[in-house]
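See structure below.
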Amino acid sequence: MTAAPQWINGLMDTLGAPGAGLAIALENLFPPLPSEVILPLAGFAASTGQMHLWAALLWTTAGSVIGALALYGVGALLGRDRTVAIAARLPLVKTSDIEKTEAWFLRHGTKAVFFGRMIPIFRSLISVPAGVERMPLPVFLGLTTLGSALWNTVFVMAGYTLGANWTQVTDLVSTYSKIVLALAAVAVVAFLAVRLLRRPTSSEVSESS
């Protein structure tokens, strides 16, 4: 069973629902922080009367939006040219890959932002390309708020319903997070493998010259 880090308990004890919102904002900026702990714990706190349920839902959603907006700002400040220049320096990454990713985001960006709010790690990172591509801010805020509200409500309500057994939620989401990360790792390995296999050998290079 997963226990809550003491600093999260401290924030909620001191600030109540705004403390839960602050913890979620920090989780968006630093993805390794455990949202699967913060949200059910906020629900449990609401079930004990430490905070109102609606306040827990509103403040955690506000924290999600604020954190996502900060990362959107990072992407907007970097801009397309800087992002392409940085990515182009990475090994095995081609400019054509970046352009394909950009084209994909332009076609599917709204769905990516909305559903990305429900995928661990990516729920934070998806805000950066949204900023790079300058997705209209009202659209970004609307999709982020809706996706975050759905995700947060499910886990806050789970903690509220389970009460003292709220840690059962964290174990389930922890397994989900590990599966997502494993799939992402497989995708990265597959990408690198394809890139290495497609690299021309020294003999091929000399023949072409």
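Residues in the structure tokens are named by chain (A, B, ... in the order shown) and by number from 1 within that chain; ligands are numbered from 1 in the order shown.
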
So that each row is one residue of range 20-91 of chain A with an atom at most 7 Å from range 134-148 of chain A, can you give its shortest atom pair and the distance in Å to one decimal, using only C-alpha atoms, rows by chain and rising number, as JSON lines?
```
{"residue": "A:Thr61", "atom": "CA", "partner": "A:Ser148", "partner_atom": "CA", "distance": 5.9}
{"residue": "A:Ser64", "atom": "CA", "partner": "A:Ser148", "partner_atom": "CA", "distance": 6.4}
{"residue": "A:Val65", "atom": "CA", "partner": "A:Thr145", "partner_atom": "CA", "distance": 6.0}
{"residue": "A:Ala76", "atom": "CA", "partner": "A:Arg134", "partner_atom": "CA", "distance": 6.4}
```

Which residues are close to Thr60 in chain A, i.e. within 7 Å by only C-alpha atoms, leaving aside same-chain residues fewer than 4 positions away? Reply as a PDB file with all heavy atoms, in the first residue's frame.
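Printed below is selection33.pdb as written:
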```pdb
ATOM      1  N   ALA A  20      -4.173  20.959  -1.550  1.00  0.00           N
ATOM      2  CA  ALA A  20      -4.285  19.871  -2.523  1.00  0.00           C
ATOM      3  C   ALA A  20      -4.063  20.409  -3.932  1.00  0.00           C
ATOM      4  O   ALA A  20      -3.405  19.777  -4.760  1.00  0.00           O
ATOM      5  CB  ALA A  20      -5.652  19.201  -2.414  1.00  0.00           C
ATOM      6  N   GLY A  21      -4.606  21.601  -4.219  1.00  0.00           N
ATOM      7  CA  GLY A  21      -4.413  22.219  -5.536  1.00  0.00           C
ATOM      8  C   GLY A  21      -2.959  22.555  -5.793  1.00  0.00           C
ATOM      9  O   GLY A  21      -2.445  22.336  -6.901  1.00  0.00           O
ATOM     10  N   ILE A  24      -1.035  19.405  -6.635  1.00  0.00           N
ATOM     11  CA  ILE A  24      -1.294  18.950  -8.004  1.00  0.00           C
ATOM     12  C   ILE A  24      -0.592  19.847  -9.014  1.00  0.00           C
ATOM     13  O   ILE A  24      -0.089  19.373 -10.040  1.00  0.00           O
ATOM     14  CB  ILE A  24      -2.810  18.907  -8.275  1.00  0.00           C
ATOM     15  CG1 ILE A  24      -3.410  17.700  -7.567  1.00  0.00           C
ATOM     16  CG2 ILE A  24      -3.103  18.827  -9.762  1.00  0.00           C
ATOM     17  CD1 ILE A  24      -2.939  16.359  -8.095  1.00  0.00           C
ATOM     18  N   ALA A  56     -12.335  20.323  -2.913  1.00  0.00           N
ATOM     19  CA  ALA A  56     -11.247  19.433  -3.332  1.00  0.00           C
ATOM     20  C   ALA A  56     -11.231  19.277  -4.846  1.00  0.00           C
ATOM     21  O   ALA A  56     -10.163  19.336  -5.483  1.00  0.00           O
ATOM     22  CB  ALA A  56     -11.405  18.070  -2.658  1.00  0.00           C
ATOM     23  N   SER A  64      -4.180  21.612 -11.609  1.00  0.00           N
ATOM     24  CA  SER A  64      -3.800  20.953 -12.863  1.00  0.00           C
ATOM     25  C   SER A  64      -3.669  21.965 -13.995  1.00  0.00           C
ATOM     26  O   SER A  64      -2.722  21.924 -14.786  1.00  0.00           O
ATOM     27  CB  SER A  64      -4.847  19.889 -13.239  1.00  0.00           C
ATOM     28  OG  SER A  64      -4.887  18.847 -12.301  1.00  0.00           O
ATOM     29  N   ASN A 152      -9.317  14.058 -12.374  1.00  0.00           N
ATOM     30  CA  ASN A 152      -9.289  14.363 -10.944  1.00  0.00           C
ATOM     31  C   ASN A 152     -10.544  13.873 -10.237  1.00  0.00           C
ATOM     32  O   ASN A 152     -10.474  13.341  -9.127  1.00  0.00           O
ATOM     33  CB  ASN A 152      -9.117  15.866 -10.724  1.00  0.00           C
ATOM     34  CG  ASN A 152      -7.763  16.369 -11.188  1.00  0.00           C
ATOM     35  OD1 ASN A 152      -6.920  15.597 -11.618  1.00  0.00           O
ATOM     36  ND2 ASN A 152      -7.562  17.669 -11.121  1.00  0.00           N
TER      37      ASN A 152
END
```

What's the separation between CA of Arg117 in chain A and CA of Ala158 in chain A, in Å to one decimal place?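 Calculated distance between CA of Arg117 in chain A and CA of Ala158 in chain A is 17.9 Å.
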
Enter the distance from CA of Pro120 in chain A to CA of Val156 in chain A, in Å, rounded to one decimal.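 Going from CA of Pro120 in chain A over to CA of Val156 in chain A covers 16.1 Å.
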
Would you mind telling me which residue in A:Asn9, A:Gln50, A:Ser35, A:Thr14 lies nearest to Phe155 in chain A when using only C-alpha atoms? A:Ser35
